[in-house]
Every structure is written in C-alpha cells, then in structure tokens.
$ cat input_16.cif   # mmCIF, C-alpha atoms and all ligand atoms
data_start
#
loop_
_atom_site.group_PDB
_atom_site.id
_atom_site.type_symbol
_atom_site.label_atom_id
_atom_site.label_comp_id
_atom_site.auth_asym_id
_atom_site.auth_seq_id
_atom_site.Cartn_x
_atom_site.Cartn_y
_atom_site.Cartn_z
ATOM 1 C CA MET P 1 -18.011 -11.776 -7.116
ATOM 2 C CA ARG P 2 -16.733 -11.853 -3.547
ATOM 3 C CA LYS P 3 -18.289 -9.818 -0.753
ATOM 4 C CA LYS P 4 -16.189 -6.956 0.590
ATOM 5 C CA LYS P 5 -15.214 -7.464 4.246
ATOM 6 C CA SER P 6 -16.272 -4.891 6.817
ATOM 7 C CA ILE P 7 -14.711 -3.793 10.098
ATOM 8 C CA HIS P 8 -17.088 -6.240 11.837
ATOM 9 C CA ASP P 9 -15.625 -9.111 9.806
ATOM 10 C CA PHE P 10 -12.136 -8.186 11.023
ATOM 11 C CA TYR P 11 -13.338 -8.242 14.651
ATOM 12 C CA GLU P 12 -14.927 -11.640 13.999
ATOM 13 C CA MET P 13 -11.674 -12.901 12.457
ATOM 14 C CA LYS P 14 -9.728 -11.767 15.523
ATOM 15 C CA LYS P 15 -12.222 -13.519 17.796
ATOM 16 C CA ASN P 16 -11.931 -16.736 15.773
ATOM 17 C CA GLY P 17 -8.138 -16.591 15.529
ATOM 18 C CA GLU P 18 -8.331 -16.225 11.724
ATOM 19 C CA LYS P 19 -5.392 -14.176 10.420
ATOM 20 C CA ILE P 20 -6.086 -10.996 8.435
ATOM 21 C CA THR P 21 -4.110 -10.654 5.182
ATOM 22 C CA PHE P 22 -2.998 -7.086 4.519
ATOM 23 C CA LEU P 23 -0.790 -5.674 1.763
ATOM 24 C CA THR P 24 0.044 -2.271 0.342
ATOM 25 C CA ALA P 25 -1.049 -1.336 -3.193
ATOM 26 C CA TYR P 26 -0.467 1.885 -5.074
ATOM 27 C CA ASP P 27 -1.979 1.381 -8.519
ATOM 28 C CA PHE P 28 -4.841 -0.147 -10.482
ATOM 29 C CA PRO P 29 -3.141 -3.296 -11.851
ATOM 30 C CA THR P 30 -1.610 -4.272 -8.503
ATOM 31 C CA ALA P 31 -4.968 -3.748 -6.820
ATOM 32 C CA THR P 32 -6.666 -6.083 -9.320
ATOM 33 C CA PHE P 33 -4.011 -8.757 -8.648
ATOM 34 C CA ALA P 34 -4.460 -8.320 -4.884
ATOM 35 C CA GLU P 35 -8.226 -8.684 -5.102
ATOM 36 C CA ASP P 36 -7.855 -11.775 -7.309
ATOM 37 C CA ALA P 37 -5.356 -13.188 -4.811
ATOM 38 C CA GLY P 38 -7.912 -12.792 -2.027
ATOM 39 C CA LEU P 39 -6.275 -10.148 0.175
ATOM 40 C CA ASP P 40 -8.571 -9.035 2.995
ATOM 41 C CA MET P 41 -7.317 -5.477 3.201
ATOM 42 C CA LEU P 42 -5.147 -3.079 1.174
ATOM 43 C CA LEU P 43 -3.157 -0.116 2.423
ATOM 44 C CA VAL P 44 -2.470 2.750 0.066
ATOM 45 C CA GLY P 45 0.646 3.582 2.033
ATOM 46 C CA ASP P 46 2.727 6.722 1.897
ATOM 47 C CA SER P 47 5.567 4.253 1.270
ATOM 48 C CA LEU P 48 4.605 5.005 -2.329
ATOM 49 C CA GLY P 49 6.944 7.969 -1.850
ATOM 50 C CA MET P 50 9.859 5.529 -1.994
ATOM 51 C CA CYS P 51 8.330 2.645 -3.947
ATOM 52 C CA VAL P 52 6.691 4.648 -6.744
ATOM 53 C CA TYR P 53 8.199 8.149 -6.739
ATOM 54 C CA GLY P 54 11.780 7.318 -5.757
ATOM 55 C CA TYR P 55 11.973 9.732 -2.806
ATOM 56 C CA LYS P 56 14.423 8.921 -0.004
ATOM 57 C CA GLY P 57 11.575 8.632 2.508
ATOM 58 C CA THR P 58 7.853 9.274 3.003
ATOM 59 C CA VAL P 59 8.091 12.896 4.182
ATOM 60 C CA PRO P 60 7.684 14.608 0.743
ATOM 61 C CA VAL P 61 4.390 12.823 -0.032
ATOM 62 C CA VAL P 62 1.316 15.099 -0.168
ATOM 63 C CA MET P 63 -2.430 14.476 0.121
ATOM 64 C CA ASP P 64 -3.170 14.868 -3.603
ATOM 65 C CA GLN P 65 -0.720 12.072 -4.475
ATOM 66 C CA MET P 66 -2.350 9.823 -1.890
ATOM 67 C CA ILE P 67 -5.815 10.534 -3.269
ATOM 68 C CA TYR P 68 -4.811 9.809 -6.890
ATOM 69 C CA HIS P 69 -3.293 6.477 -5.903
ATOM 70 C CA ALA P 70 -6.094 5.521 -3.503
ATOM 71 C CA ASP P 71 -8.646 6.241 -6.219
ATOM 72 C CA ALA P 72 -6.794 3.951 -8.663
ATOM 73 C CA VAL P 73 -6.518 1.194 -6.035
ATOM 74 C CA ARG P 74 -10.230 1.413 -5.270
ATOM 75 C CA ARG P 75 -11.041 0.998 -8.981
ATOM 76 C CA GLY P 76 -8.766 -2.044 -9.168
ATOM 77 C CA ALA P 77 -10.113 -3.632 -5.990
ATOM 78 C CA PRO P 78 -13.779 -2.662 -5.673
ATOM 79 C CA ASN P 79 -14.507 -5.534 -3.283
ATOM 80 C CA THR P 80 -11.552 -5.168 -0.933
ATOM 81 C CA TYR P 81 -11.306 -3.118 2.266
ATOM 82 C CA VAL P 82 -9.032 -0.151 1.435
ATOM 83 C CA VAL P 83 -7.171 1.945 4.004
ATOM 84 C CA GLY P 84 -5.769 5.365 3.025
ATOM 85 C CA ASP P 85 -2.544 6.419 4.712
ATOM 86 C CA MET P 86 -2.345 10.012 5.938
ATOM 87 C CA PRO P 87 0.917 11.581 4.745
ATOM 88 C CA PHE P 88 3.303 13.729 6.775
ATOM 89 C CA MET P 89 1.771 17.089 7.811
ATOM 90 C CA SER P 90 -1.744 16.120 6.740
ATOM 91 C CA TYR P 91 -2.786 15.616 10.391
ATOM 92 C CA GLN P 92 -0.015 16.615 12.800
ATOM 93 C CA SER P 93 -0.765 20.330 13.041
ATOM 94 C CA SER P 94 -4.427 20.222 14.155
ATOM 95 C CA ALA P 95 -7.431 17.995 14.699
ATOM 96 C CA GLU P 96 -9.444 20.090 12.185
ATOM 97 C CA LYS P 97 -6.885 19.552 9.441
ATOM 98 C CA ALA P 98 -6.753 15.849 10.321
ATOM 99 C CA VAL P 99 -10.544 15.462 9.956
ATOM 100 C CA GLU P 100 -10.589 17.390 6.683
ATOM 101 C CA ASN P 101 -7.830 15.284 5.117
ATOM 102 C CA ALA P 102 -9.165 12.003 6.491
ATOM 103 C CA GLY P 103 -12.524 12.874 4.933
ATOM 104 C CA ARG P 104 -10.892 13.349 1.526
ATOM 105 C CA PHE P 105 -9.896 9.659 1.463
ATOM 106 C CA LEU P 106 -13.554 8.691 1.851
ATOM 107 C CA LYS P 107 -15.113 11.355 -0.374
ATOM 108 C CA GLU P 108 -12.579 11.392 -3.221
ATOM 109 C CA ALA P 109 -11.208 7.833 -3.222
ATOM 110 C CA ASP P 110 -13.962 5.779 -1.595
ATOM 111 C CA CYS P 111 -11.600 4.399 1.072
ATOM 112 C CA ASP P 112 -13.017 2.415 3.995
ATOM 113 C CA ALA P 113 -10.637 3.698 6.668
ATOM 114 C CA ILE P 114 -7.608 5.870 7.238
ATOM 115 C CA LYS P 115 -4.311 5.179 8.988
ATOM 116 C CA LEU P 116 -2.134 7.650 10.812
ATOM 117 C CA GLU P 117 1.173 7.341 12.643
ATOM 118 C CA GLY P 118 1.767 8.046 16.315
ATOM 119 C CA GLY P 119 0.544 7.128 19.768
ATOM 120 C CA VAL P 120 -0.072 9.259 22.838
ATOM 121 C CA ARG P 121 0.782 12.481 21.025
ATOM 122 C CA ILE P 122 -1.861 12.247 18.306
ATOM 123 C CA THR P 123 -4.845 11.105 20.342
ATOM 124 C CA ASP P 124 -6.684 14.419 19.758
ATOM 125 C CA GLN P 125 -6.532 13.811 16.009
ATOM 126 C CA ILE P 126 -7.651 10.171 16.335
ATOM 127 C CA ARG P 127 -10.587 11.206 18.532
ATOM 128 C CA ALA P 128 -11.655 13.954 16.133
ATOM 129 C CA ILE P 129 -11.470 11.730 13.023
ATOM 130 C CA SER P 130 -13.263 8.944 14.796
ATOM 131 C CA ASP P 131 -15.961 11.372 16.048
ATOM 132 C CA ALA P 132 -16.473 12.351 12.410
ATOM 133 C CA GLY P 133 -17.554 8.757 11.774
ATOM 134 C CA ILE P 134 -14.378 7.587 10.044
ATOM 135 C CA VAL P 135 -12.705 4.266 10.858
ATOM 136 C CA VAL P 136 -9.187 4.935 12.158
ATOM 137 C CA MET P 137 -6.258 2.532 12.118
ATOM 138 C CA GLY P 138 -3.480 3.611 14.499
ATOM 139 C CA HIS P 139 0.185 2.967 13.647
ATOM 140 C CA ILE P 140 2.774 2.671 16.422
ATOM 141 C CA GLY P 141 6.261 1.260 17.006
ATOM 142 C CA LEU P 142 8.489 2.306 14.127
ATOM 143 C CA THR P 143 6.729 5.275 12.562
ATOM 144 C CA PRO P 144 8.619 6.146 9.349
ATOM 145 C CA GLN P 145 7.360 9.758 9.169
ATOM 146 C CA SER P 146 9.238 10.488 12.422
ATOM 147 C CA SER P 147 12.270 8.325 11.623
ATOM 148 C CA GLY P 148 14.435 11.440 12.063
ATOM 149 C CA GLN P 149 13.470 11.582 15.735
ATOM 150 C CA LEU P 150 13.837 7.809 16.074
ATOM 151 C CA GLY P 151 17.374 7.951 14.676
ATOM 152 C CA GLY P 152 16.473 6.122 11.446
ATOM 153 C CA HIS P 153 14.283 3.180 10.449
ATOM 154 C CA LYS P 154 15.046 1.251 13.634
ATOM 155 C CA ALA P 155 13.128 -1.435 15.513
ATOM 156 C CA GLN P 156 11.358 -0.053 18.589
ATOM 157 C CA GLY P 157 10.447 -1.444 22.028
ATOM 158 C CA ARG P 158 13.494 -3.651 22.436
ATOM 159 C CA THR P 159 14.056 -2.838 26.132
ATOM 160 C CA ALA P 160 11.453 -3.317 28.873
ATOM 161 C CA GLU P 161 11.075 0.467 29.307
ATOM 162 C CA ALA P 162 10.779 1.064 25.547
ATOM 163 C CA ALA P 163 8.277 -1.794 25.226
ATOM 164 C CA LYS P 164 6.167 -0.211 27.982
ATOM 165 C CA LEU P 165 6.073 3.031 25.955
ATOM 166 C CA VAL P 166 4.880 1.118 22.882
ATOM 167 C CA TYR P 167 2.175 -0.511 24.997
ATOM 168 C CA GLU P 168 1.111 2.889 26.379
ATOM 169 C CA ASP P 169 0.841 4.166 22.810
ATOM 170 C CA ALA P 170 -1.357 1.189 21.924
ATOM 171 C CA ILE P 171 -3.713 1.849 24.833
ATOM 172 C CA ALA P 172 -3.868 5.593 24.088
ATOM 173 C CA VAL P 173 -4.667 5.006 20.409
ATOM 174 C CA LYS P 174 -7.385 2.486 21.228
ATOM 175 C CA GLU P 175 -8.930 4.712 23.911
ATOM 176 C CA ALA P 176 -8.958 7.653 21.508
ATOM 177 C CA GLY P 177 -11.226 5.643 19.203
ATOM 178 C CA ALA P 178 -9.014 3.738 16.763
ATOM 179 C CA LEU P 179 -10.814 0.579 15.636
ATOM 180 C CA MET P 180 -7.641 -1.144 14.369
ATOM 181 C CA LEU P 181 -3.955 -0.881 15.151
ATOM 182 C CA LEU P 182 -0.836 -1.467 13.091
ATOM 183 C CA VAL P 183 2.358 -2.244 15.016
ATOM 184 C CA GLU P 184 5.624 -1.876 13.109
ATOM 185 C CA ALA P 185 9.068 -3.300 13.866
ATOM 186 C CA VAL P 186 8.752 -4.224 17.516
ATOM 187 C CA PRO P 187 9.681 -7.579 19.111
ATOM 188 C CA PRO P 188 7.109 -10.374 18.657
ATOM 189 C CA GLU P 189 6.568 -10.577 22.436
ATOM 190 C CA VAL P 190 5.518 -6.926 22.516
ATOM 191 C CA CYS P 191 3.114 -7.157 19.564
ATOM 192 C CA GLY P 192 1.747 -10.442 20.921
ATOM 193 C CA PHE P 193 1.136 -8.858 24.315
ATOM 194 C CA ILE P 194 -0.656 -5.883 22.748
ATOM 195 C CA ALA P 195 -2.803 -8.133 20.531
ATOM 196 C CA GLY P 196 -3.728 -10.177 23.592
ATOM 197 C CA GLN P 197 -4.668 -7.135 25.670
ATOM 198 C CA LEU P 198 -6.610 -5.158 23.063
ATOM 199 C CA ASP P 199 -9.999 -6.172 21.722
ATOM 200 C CA ILE P 200 -9.348 -4.382 18.394
ATOM 201 C CA PRO P 201 -7.561 -6.139 15.490
ATOM 202 C CA VAL P 202 -3.789 -5.631 15.834
ATOM 203 C CA LEU P 203 -1.874 -5.977 12.562
ATOM 204 C CA SER P 204 1.849 -6.647 12.465
ATOM 205 C CA ILE P 205 4.475 -5.431 10.038
ATOM 206 C CA GLY P 206 7.837 -6.683 11.173
ATOM 207 C CA ALA P 207 6.400 -7.332 14.630
ATOM 208 C CA GLY P 208 6.290 -11.120 14.581
ATOM 209 C CA PRO P 209 3.582 -13.697 13.994
ATOM 210 C CA GLU P 210 1.343 -13.007 16.956
ATOM 211 C CA GLY P 211 -0.621 -10.089 15.594
ATOM 212 C CA ASP P 212 -4.146 -10.659 14.326
ATOM 213 C CA GLY P 213 -2.850 -10.259 10.777
ATOM 214 C CA GLN P 214 0.209 -9.376 8.723
ATOM 215 C CA LEU P 215 1.120 -6.475 6.456
ATOM 216 C CA LEU P 216 3.933 -6.307 3.915
ATOM 217 C CA ILE P 217 4.830 -3.678 1.353
ATOM 218 C CA VAL P 218 3.935 -5.085 -2.050
ATOM 219 C CA SER P 219 7.104 -3.718 -3.672
ATOM 220 C CA ASP P 220 9.144 -5.759 -1.159
ATOM 221 C CA LEU P 221 7.014 -8.886 -1.479
ATOM 222 C CA ILE P 222 7.372 -8.997 -5.276
ATOM 223 C CA GLY P 223 11.038 -7.951 -5.302
ATOM 224 C CA GLN P 224 10.450 -4.639 -7.055
ATOM 225 C CA PHE P 225 11.913 -2.202 -4.498
ATOM 226 C CA GLN P 226 15.699 -2.264 -4.793
ATOM 227 C CA ALA P 227 17.063 0.414 -2.437
ATOM 228 C CA PHE P 228 17.034 -1.727 0.745
ATOM 229 C CA THR P 229 15.258 -4.730 2.221
ATOM 230 C CA PRO P 230 14.221 -4.663 5.885
ATOM 231 C CA LYS P 231 14.920 -7.803 7.962
ATOM 232 C CA PHE P 232 11.212 -8.596 8.281
ATOM 233 C CA VAL P 233 10.572 -8.805 4.531
ATOM 234 C CA LYS P 234 10.028 -12.059 2.707
ATOM 235 C CA LYS P 235 10.389 -11.763 -1.065
ATOM 236 C CA TYR P 236 7.957 -14.120 -2.776
ATOM 237 C CA CYS P 237 9.310 -13.410 -6.268
ATOM 238 C CA ASN P 238 11.776 -11.160 -8.029
ATOM 239 C CA VAL P 239 9.928 -9.035 -10.562
ATOM 240 C CA ALA P 240 12.890 -6.659 -10.900
ATOM 241 C CA GLU P 241 14.860 -9.551 -12.398
ATOM 242 C CA ILE P 242 11.937 -10.766 -14.514
ATOM 243 C CA ILE P 243 11.250 -7.262 -15.900
ATOM 244 C CA THR P 244 14.910 -6.425 -16.518
ATOM 245 C CA ASN P 245 15.440 -9.731 -18.340
ATOM 246 C CA ALA P 246 12.323 -9.142 -20.445
ATOM 247 C CA MET P 247 13.582 -5.666 -21.398
ATOM 248 C CA LYS P 248 17.041 -7.032 -22.260
ATOM 249 C CA SER P 249 15.451 -9.672 -24.508
ATOM 250 C CA TYR P 250 13.349 -6.981 -26.184
ATOM 251 C CA CYS P 251 16.448 -4.863 -26.968
ATOM 252 C CA GLU P 252 18.340 -7.920 -28.181
ATOM 253 C CA GLU P 253 15.505 -9.007 -30.482
ATOM 254 C CA ILE P 254 15.161 -5.527 -32.010
ATOM 255 C CA ARG P 255 18.886 -5.421 -32.662
ATOM 256 C CA THR P 256 18.974 -8.879 -34.238
ATOM 257 C CA GLY P 257 15.765 -8.399 -36.229
ATOM 258 C CA GLN P 258 13.869 -11.097 -34.327
ATOM 259 C CA PHE P 259 11.175 -8.620 -33.334
ATOM 260 C CA PRO P 260 8.668 -7.840 -34.715
ATOM 261 C CA GLN P 261 7.654 -10.987 -36.624
ATOM 262 C CA GLU P 262 4.917 -11.610 -39.143
ATOM 263 C CA GLU P 263 2.330 -12.244 -36.390
ATOM 264 C CA HIS P 264 2.916 -8.791 -34.909
ATOM 265 C CA CYS P 265 2.053 -6.940 -38.151
ATOM 266 C CA TYR P 266 -1.257 -5.486 -39.399
ATOM 267 C CA HIS P 267 -1.413 -6.321 -43.118
ATOM 268 C CA MET P 268 -3.380 -4.387 -45.703
ATOM 269 C CA ILE P 269 -6.836 -5.613 -46.617
ATOM 270 C CA GLN P 270 -6.663 -8.021 -49.589
ATOM 271 C CA GLY P 271 -6.195 -6.195 -52.877
ATOM 272 C CA GLU P 272 -5.357 -2.873 -51.223
ATOM 273 C CA GLU P 273 -1.604 -3.319 -51.453
ATOM 274 C CA LYS P 274 -1.643 -3.266 -55.270
ATOM 275 C CA LYS P 275 -3.855 -0.155 -55.262
ATOM 276 C CA PHE P 276 -1.530 1.479 -52.791
ATOM 277 C CA VAL P 277 1.493 0.851 -55.038
ATOM 278 C CA GLU P 278 -0.382 2.404 -57.983
ATOM 279 C CA LEU P 279 -1.496 5.347 -55.889
ATOM 280 C CA MET P 280 2.034 6.009 -54.741
ATOM 281 C CA LYS P 281 3.275 6.165 -58.349
ATOM 282 C CA THR P 282 1.190 9.282 -58.864
ATOM 283 C CA ALA P 283 1.925 10.790 -55.475
ATOM 284 C CA LYS P 284 4.286 13.772 -55.312
HETATM 285 O O1 LIG P 301 3.204 3.568 4.069
HETATM 286 C C1 LIG P 301 3.215 2.394 4.401
HETATM 287 O O2 LIG P 301 3.258 1.465 3.573
HETATM 288 C C2 LIG P 301 3.206 2.097 5.812
HETATM 289 C C3 LIG P 301 3.814 0.812 6.223
HETATM 290 C C4 LIG P 301 5.281 0.958 6.306
HETATM 291 C C5 LIG P 301 3.270 0.353 7.520
HETATM 292 O O3 LIG P 301 2.800 2.908 6.590
#
$ encode --input "input_16.cif" --output "structure tokens"
Amino acid sequence: MRKKKSIHDFYEMKKNGEKITFLTAYDFPTATFAEDAGLDMLLVGDSLGMCVYGYKGTVPVVMDQMIYHADAVRRGAPNTYVVGDMPFMSYQSSAEKAVENAGRFLKEADCDAIKLEGGVRITDQIRAISDAGIVVMGHIGLTPQSSGQLGGHKAQGRTAEAAKLVYEDAIAVKEAGALMLLVEAVPPEVCGFIAGQLDIPVLSIGAGPEGDGQLLIVSDLIGQFQAFTPKFVKKYCNVAEIITNAMKSYCEEIRTGQFPQEEHCYHMIQGEEKKFVELMKTAK
C-alpha cells in the first residue's frame, strides 16, 4: 500500500524539480483507477457540473453535490491527496460562510485541502479558511465560475498589463495564506514566472509546462466529455467511442440472439429441472 503524500511532500517535490501529477475525479471507480495509476493529487472539481450532470457550466453546482462526490472519491482513493473544490456562492458572500463550507469538505468527505477561485478579491476568505487550519489552494487566471465577467472561457494574461494582474492575484493569494496555487489558461511565460517567484507549489492547467505540476480534467483526458475540447487538453484515449461501440455490439447481439450464451446462464441444480416440470403440471 502506498503512503499518501502530504503538503510537505509537494513542497519537497517543487524544491527538487519533481513534477506533481494532478487530475480531477468525481466518482469511486475513477478514483480507484487514479490511485492505481499513481496520481499524486486529485481534485473533486465543480467541473462535475458539466462532466457528470450535463449543466452548461459550473454555476448551478451546490455544496451537497460536491460533498457526495468528494466522499466517493475519498473512498476510491484512500491514499491519495484529495482537494475539494468550493462551488459558486459557497464562499463569495462572506468569510464565515467560506470557513463553514470549507470545513464540510474535511468533516464530511475527509478531503485534505480545498480550492477556491479568485485572486485579490477573495483574500479575506482565503485568510479565514487558512486561519481555521485548512489547507487552501488558490485558483487564478481563467476562473470558470466568473466566466460571465471574463466574457467566456477565455485565456487570461495575454498582454503585459493583463499578465501583471494575474501575477498580482498570485501574490495576494499566497500572502493571504494559500499553500498551493492553480493557474488556469494563461501563457506559459506567465505561469513559469509565477512558479519561479513563489515558494508554494504552482500547478498548471492550460498554462504551459513550467508549473510545478499539471492538472487535467479526467473527462477530457479519457475522451468522455463531448461538448467541447479546450486547446490545452490532450486526450489519452477515447472512452466515448469504446463505450458507444460496446453498447452497439450489445444491442446487435441481443437482436441476433448472440447474447446471452450458455455461459451466461444459471442452470438448475442437477435433478431439479425434472421436479420443476412435474411441479408445474399441478400448478394452477
Ligand atoms: O472544477 C474544476 O475541475 C476546476 C478546473 C477547471 C481547474 O476547477
């Protein structure tokens, strides 16, 4: 059985230039696969709104959904560092609400850390959660919960001025007490600069190779999510095709009588069939 990594291990990995492997997971079976595959860290992301529930975005997701999924992921990956993602309106309105909801991830789903979106404008919440003794991962750059304000799911920090704002967010989040930072959809130079300046692990999703580790959404990586594929995604397989083909074969085999076969049947215990026939003769 492998030993679960701690926040100190991630700092050590950064220091040694060892990349951190990070992936989303939303359910028990995927979490077991991820642990078997040796992932360092799992994010129970509110992207489950799109990937599991079929919503258009992440905004409708609520805390209870996150807790149910985080709990299942923890059971599937008992020896993996699990980060719970705070959904829209679970932390924005006050620091008190933020602490309460962050605490639920630890108490009800045994998560190791929480993640929340935003930079300068949510430092009060980061400070309060961190003061409560909870490990916080910041999330800056493209922040999907505020994609309306950003004009859609668009890359951020592509001009010098915009990149400076991303950097200021990174500093603010770190100074407020975040122990890790996720940077989404910014140019590699910007993420690389931030990772070089900050002494906390800086994870990249769509922000180039220079972060201290990489995150992808599992539904993208395995080719399960069909609605759209961001530029930064690499599909490592196409389970949508594999599953659809399996289902088509199943239908075809039922229709042609190829399924089920002898080996799929439970036969009666020897001698019971004859008795059954006799019994049925007298049945009404
Ligand atoms: O919910 C999620 O999976 C995320 C990633 C998009 C970073 O927050």
$ residues_near_ligand --input "input_16.cif" --ligand "ligand LIG 301 (chain P)" --cutoff "7 Å" --atoms "all atoms listed in the file" --output "ChimeraX atom specification"
/P:24,43-48,85,144,184,205,217
$ resolve_selection --input "input_16.cif" --expression "the PyMOL selection byres (((chain P and resi 176) around 8) and not hetatm)" --output "VMD selection string"
chain P and resid 123 to 124 126 to 127 172 to 175 177 to 178
$ closest_residue --input "input_16.cif" --among "P:Cys111, P:Cys251, P:Ala98, P:Ala162" --to "P:Arg75" --atoms "all atoms listed in the file"
P:Cys111
$ atom_distance --input "input_16.cif" --atom1 "atom CA of P:Ala185" --atom2 "atom CA of P:Ser94"
27.1 Å
$ resolve_selection --input "input_16.cif" --expression "the PyMOL selection byres (((chain P and resi 8) around 12) and not hetatm)" --output "list in words"
Lys4, Lys5, Ser6, Ile7, Asp9, Phe10, Tyr11, Glu12, Met13, Lys14, Lys15, Tyr81, Val135, Leu179, Met180, Ile200 and Pro201 of chain P
$ resolve_selection --input "input_16.cif" --expression "the PyMOL selection byres (((chain P and resi 87) around 12) and not hetatm)" --output "MDAnalysis selection string"
chainID P and resid 44:49 57:67 84:86 88:92 98 101:102 105 114:117 143:146
$ write_last_selection --input "input_16.cif" --atoms "C-alpha atoms" --output "PDB file, in the frame of the given file"
ATOM      1  CA  VAL P  44      -2.470   2.750   0.066  1.00  0.00           C
ATOM      2  CA  GLY P  45       0.646   3.582   2.033  1.00  0.00           C
ATOM      3  CA  ASP P  46       2.727   6.722   1.897  1.00  0.00           C
ATOM      4  CA  SER P  47       5.567   4.253   1.270  1.00  0.00           C
ATOM      5  CA  LEU P  48       4.605   5.005  -2.329  1.00  0.00           C
ATOM      6  CA  GLY P  49       6.944   7.969  -1.850  1.00  0.00           C
ATOM      7  CA  GLY P  57      11.575   8.632   2.508  1.00  0.00           C
ATOM      8  CA  THR P  58       7.853   9.274   3.003  1.00  0.00           C
ATOM      9  CA  VAL P  59       8.091  12.896   4.182  1.00  0.00           C
ATOM     10  CA  PRO P  60       7.684  14.608   0.743  1.00  0.00           C
ATOM     11  CA  VAL P  61       4.390  12.823  -0.032  1.00  0.00           C
ATOM     12  CA  VAL P  62       1.316  15.099  -0.168  1.00  0.00           C
ATOM     13  CA  MET P  63      -2.430  14.476   0.121  1.00  0.00           C
ATOM     14  CA  ASP P  64      -3.170  14.868  -3.603  1.00  0.00           C
ATOM     15  CA  GLN P  65      -0.720  12.072  -4.475  1.00  0.00           C
ATOM     16  CA  MET P  66      -2.350   9.823  -1.890  1.00  0.00           C
ATOM     17  CA  ILE P  67      -5.815  10.534  -3.269  1.00  0.00           C
ATOM     18  CA  GLY P  84      -5.769   5.365   3.025  1.00  0.00           C
ATOM     19  CA  ASP P  85      -2.544   6.419   4.712  1.00  0.00           C
ATOM     20  CA  MET P  86      -2.345  10.012   5.938  1.00  0.00           C
ATOM     21  CA  PHE P  88       3.303  13.729   6.775  1.00  0.00           C
ATOM     22  CA  MET P  89       1.771  17.089   7.811  1.00  0.00           C
ATOM     23  CA  SER P  90      -1.744  16.120   6.740  1.00  0.00           C
ATOM     24  CA  TYR P  91      -2.786  15.616  10.391  1.00  0.00           C
ATOM     25  CA  GLN P  92      -0.015  16.615  12.800  1.00  0.00           C
ATOM     26  CA  ALA P  98      -6.753  15.849  10.321  1.00  0.00           C
ATOM     27  CA  ASN P 101      -7.830  15.284   5.117  1.00  0.00           C
ATOM     28  CA  ALA P 102      -9.165  12.003   6.491  1.00  0.00           C
ATOM     29  CA  PHE P 105      -9.896   9.659   1.463  1.00  0.00           C
ATOM     30  CA  ILE P 114      -7.608   5.870   7.238  1.00  0.00           C
ATOM     31  CA  LYS P 115      -4.311   5.179   8.988  1.00  0.00           C
ATOM     32  CA  LEU P 116      -2.134   7.650  10.812  1.00  0.00           C
ATOM     33  CA  GLU P 117       1.173   7.341  12.643  1.00  0.00           C
ATOM     34  CA  THR P 143       6.729   5.275  12.562  1.00  0.00           C
ATOM     35  CA  PRO P 144       8.619   6.146   9.349  1.00  0.00           C
ATOM     36  CA  GLN P 145       7.360   9.758   9.169  1.00  0.00           C
ATOM     37  CA  SER P 146       9.238  10.488  12.422  1.00  0.00           C
TER      38      SER P 146
END
$ atom_distance --input "input_16.cif" --atom1 "atom CA of P:Ala31" --atom2 "atom CA of P:Arg74"
7.5 Å
$ atom_distance --input "input_16.cif" --atom1 "atom CA of P:Ala70" --atom2 "atom CA of P:Leu198"
28.6 Å
$ residues_around --input "input_16.cif" --residues "P:Leu181" --least-positions-apart "4" --cutoff "7 Å" --atoms "all atoms listed in the file" --output "PyMOL selection string"
chain P and resi 137-139+201-203
$ closest_residue --input "input_16.cif" --among "P:Gln226, P:Asn245, P:Gln197, P:Thr30" --to "P:Gly54" --atoms "all atoms listed in the file"
P:Gln226
$ residues_near_point --input "input_16.cif" --point "(9.6, 1.5, 16.4)" --cutoff "6 Å" --atoms "all atoms listed in the file" --output "MDAnalysis selection string"
chainID P and resid 141:142 155:156 185:186
